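Source file: work18.cif. Holds: mmCIF, C-alpha atoms, pLDDT in the B column; chains and numbers go by the auth columns.
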data_target
#
loop_
_atom_site.group_PDB
_atom_site.id
_atom_site.type_symbol
_atom_site.label_atom_id
_atom_site.label_comp_id
_atom_site.label_asym_id
_atom_site.label_seq_id
_atom_site.Cartn_x
_atom_site.Cartn_y
_atom_site.Cartn_z
_atom_site.B_iso_or_equiv
_atom_site.auth_seq_id
_atom_site.auth_asym_id
ATOM 1 C CA MET A 1 1.845 14.592 6.993 63.00 1 A
ATOM 2 C CA ALA A 2 -0.622 14.848 9.837 82.00 2 A
ATOM 3 C CA LEU A 3 -3.651 12.603 9.998 85.00 3 A
ATOM 4 C CA LYS A 4 -6.661 13.896 11.872 90.00 4 A
ATOM 5 C CA MET A 5 -9.731 11.969 12.840 90.00 5 A
ATOM 6 C CA ARG A 6 -12.526 13.024 15.122 92.00 6 A
ATOM 7 C CA LEU A 7 -14.659 10.668 17.107 92.00 7 A
ATOM 8 C CA ARG A 8 -18.246 10.647 15.993 92.00 8 A
ATOM 9 C CA ALA A 9 -21.130 10.933 18.426 93.00 9 A
ATOM 10 C CA ASN A 10 -21.944 7.579 20.048 93.00 10 A
ATOM 11 C CA GLU A 11 -19.052 5.857 18.239 93.00 11 A
ATOM 12 C CA SER A 12 -17.452 2.976 20.094 94.00 12 A
ATOM 13 C CA ILE A 13 -13.690 2.740 20.505 95.00 13 A
ATOM 14 C CA GLU A 14 -13.594 -0.394 18.322 96.00 14 A
ATOM 15 C CA GLN A 15 -15.311 1.422 15.456 96.00 15 A
ATOM 16 C CA ALA A 16 -12.999 4.408 15.842 95.00 16 A
ATOM 17 C CA VAL A 17 -9.893 2.202 15.794 96.00 17 A
ATOM 18 C CA ARG A 18 -11.168 0.403 12.696 96.00 18 A
ATOM 19 C CA ARG A 19 -11.784 3.737 10.973 95.00 19 A
ATOM 20 C CA PHE A 20 -8.336 4.968 12.011 95.00 20 A
ATOM 21 C CA LYS A 21 -6.658 1.850 10.605 95.00 21 A
ATOM 22 C CA LYS A 22 -8.443 2.358 7.285 95.00 22 A
ATOM 23 C CA LEU A 23 -7.370 6.003 7.270 95.00 23 A
ATOM 24 C CA LEU A 24 -3.749 4.969 7.861 94.00 24 A
ATOM 25 C CA GLU A 25 -3.878 2.333 5.126 94.00 25 A
ATOM 26 C CA ARG A 26 -5.344 4.785 2.597 94.00 26 A
ATOM 27 C CA SER A 27 -2.645 7.329 3.421 93.00 27 A
ATOM 28 C CA GLY A 28 0.085 4.813 2.499 92.00 28 A
ATOM 29 C CA ILE A 29 2.065 5.236 5.718 92.00 29 A
ATOM 30 C CA PRO A 30 2.394 1.508 6.582 93.00 30 A
ATOM 31 C CA LYS A 31 3.444 0.691 3.023 91.00 31 A
ATOM 32 C CA GLU A 32 6.064 3.431 3.113 92.00 32 A
ATOM 33 C CA LEU A 33 7.366 2.194 6.486 92.00 33 A
ATOM 34 C CA ARG A 34 7.741 -1.360 5.186 92.00 34 A
ATOM 35 C CA LYS A 35 9.484 -0.022 2.091 89.00 35 A
ATOM 36 C CA HIS A 36 12.090 1.785 4.202 91.00 36 A
ATOM 37 C CA GLU A 37 12.463 -0.911 6.841 94.00 37 A
ATOM 38 C CA TYR A 38 15.578 -2.288 5.143 93.00 38 A
ATOM 39 C CA TYR A 39 17.977 -0.715 2.688 94.00 39 A
ATOM 40 C CA GLU A 40 17.458 -1.896 -0.857 93.00 40 A
ATOM 41 C CA LYS A 41 20.223 -1.496 -3.398 95.00 41 A
ATOM 42 C CA PRO A 42 19.218 0.540 -6.444 96.00 42 A
ATOM 43 C CA SER A 43 20.000 -2.423 -8.707 97.00 43 A
ATOM 44 C CA GLU A 44 17.595 -4.593 -6.698 95.00 44 A
ATOM 45 C CA ALA A 45 14.873 -1.949 -6.952 94.00 45 A
ATOM 46 C CA ARG A 46 15.332 -1.792 -10.735 97.00 46 A
ATOM 47 C CA ARG A 47 15.228 -5.579 -10.922 97.00 47 A
ATOM 48 C CA ARG A 48 11.970 -5.742 -8.964 95.00 48 A
ATOM 49 C CA ALA A 49 10.449 -3.023 -11.144 96.00 49 A
ATOM 50 C CA LYS A 50 11.486 -4.880 -14.297 97.00 50 A
ATOM 51 C CA LEU A 51 9.989 -8.147 -13.022 97.00 51 A
ATOM 52 C CA ARG A 52 6.777 -6.329 -12.066 97.00 52 A
ATOM 53 C CA LYS A 53 6.492 -4.906 -15.604 97.00 53 A
ATOM 54 C CA LEU A 54 7.127 -8.315 -17.184 97.00 54 A
ATOM 55 C CA LYS A 55 4.493 -9.923 -15.002 96.00 55 A
ATOM 56 C CA ALA A 56 1.941 -7.235 -15.907 96.00 56 A
ATOM 57 C CA ALA A 57 2.724 -7.646 -19.613 95.00 57 A
ATOM 58 C CA ARG A 58 2.254 -11.415 -19.391 95.00 58 A
ATOM 59 C CA ARG A 59 -1.026 -10.946 -17.531 93.00 59 A
ATOM 60 C CA LYS A 60 -2.244 -8.507 -20.177 93.00 60 A
ATOM 61 C CA GLN A 61 -1.185 -10.807 -23.019 92.00 61 A
ATOM 62 C CA ALA A 62 -2.957 -13.771 -21.388 91.00 62 A
ATOM 63 C CA ALA A 63 -6.127 -11.700 -20.980 90.00 63 A
ATOM 64 C CA ASN A 64 -6.024 -10.636 -24.645 87.00 64 A
ATOM 65 C CA GLY A 65 -5.458 -14.208 -25.789 78.00 65 A
ATOM 66 C CA ARG A 66 -8.681 -15.497 -24.254 66.00 66 A
#

Take the structure in the file and write it out as structure tokens.
Amino acid sequence: MALKMRLRANESIEQAVRRFKKLLERSGIPKELRKHEYYEKPSEARRRAKLRKLKAARRKQAANGR
């Protein structure tokens, strides 16, 4: 995946870097790099997914109970 960004007329370097960082973040590249930084066993990935679902269900139940 190639990211392209052109400098705008009269745009400072600081503004361009800020825009580039936002572009990177929206593309998901840093998140994907962190995800693959260390090997995660499939059982650990399933466990994290299960905990994430439980947490979301509890949050939803608490919001409905109010």

Restrict the calculation to only C-alpha atoms, then for each residue of segment 24-55 of chain A with any atom at most 12 Å from an atom of segment 2-11 of chain A give the closest atom pair and their distance in Å to one decimal, rows by chain and rising residue number, as CSV.
residue,atom,partner,partner_atom,distance
A:Leu24,CA,A:Leu3,CA,7.9
A:Glu25,CA,A:Leu3,CA,11.4
A:Arg26,CA,A:Leu3,CA,10.9
A:Ser27,CA,A:Leu3,CA,8.5
A:Gly28,CA,A:Leu3,CA,11.4
A:Ile29,CA,A:Leu3,CA,10.3

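Across the structure, atom CA of Pro42 of chain A and atom CA of Lys60 of chain A are spaced 27.0 Å apart.
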
(request) Could you jot down the atom CA of Glu37 of chain A to atom CA of Lys21 of chain A separation for me, Å, one decimal place? (result) 19.7 Å

(request) Could you jot down the atom CA of Lys31 of chain A to atom CA of Ile13 of chain A separation for me, Å, one decimal place? (result) 24.6 Å
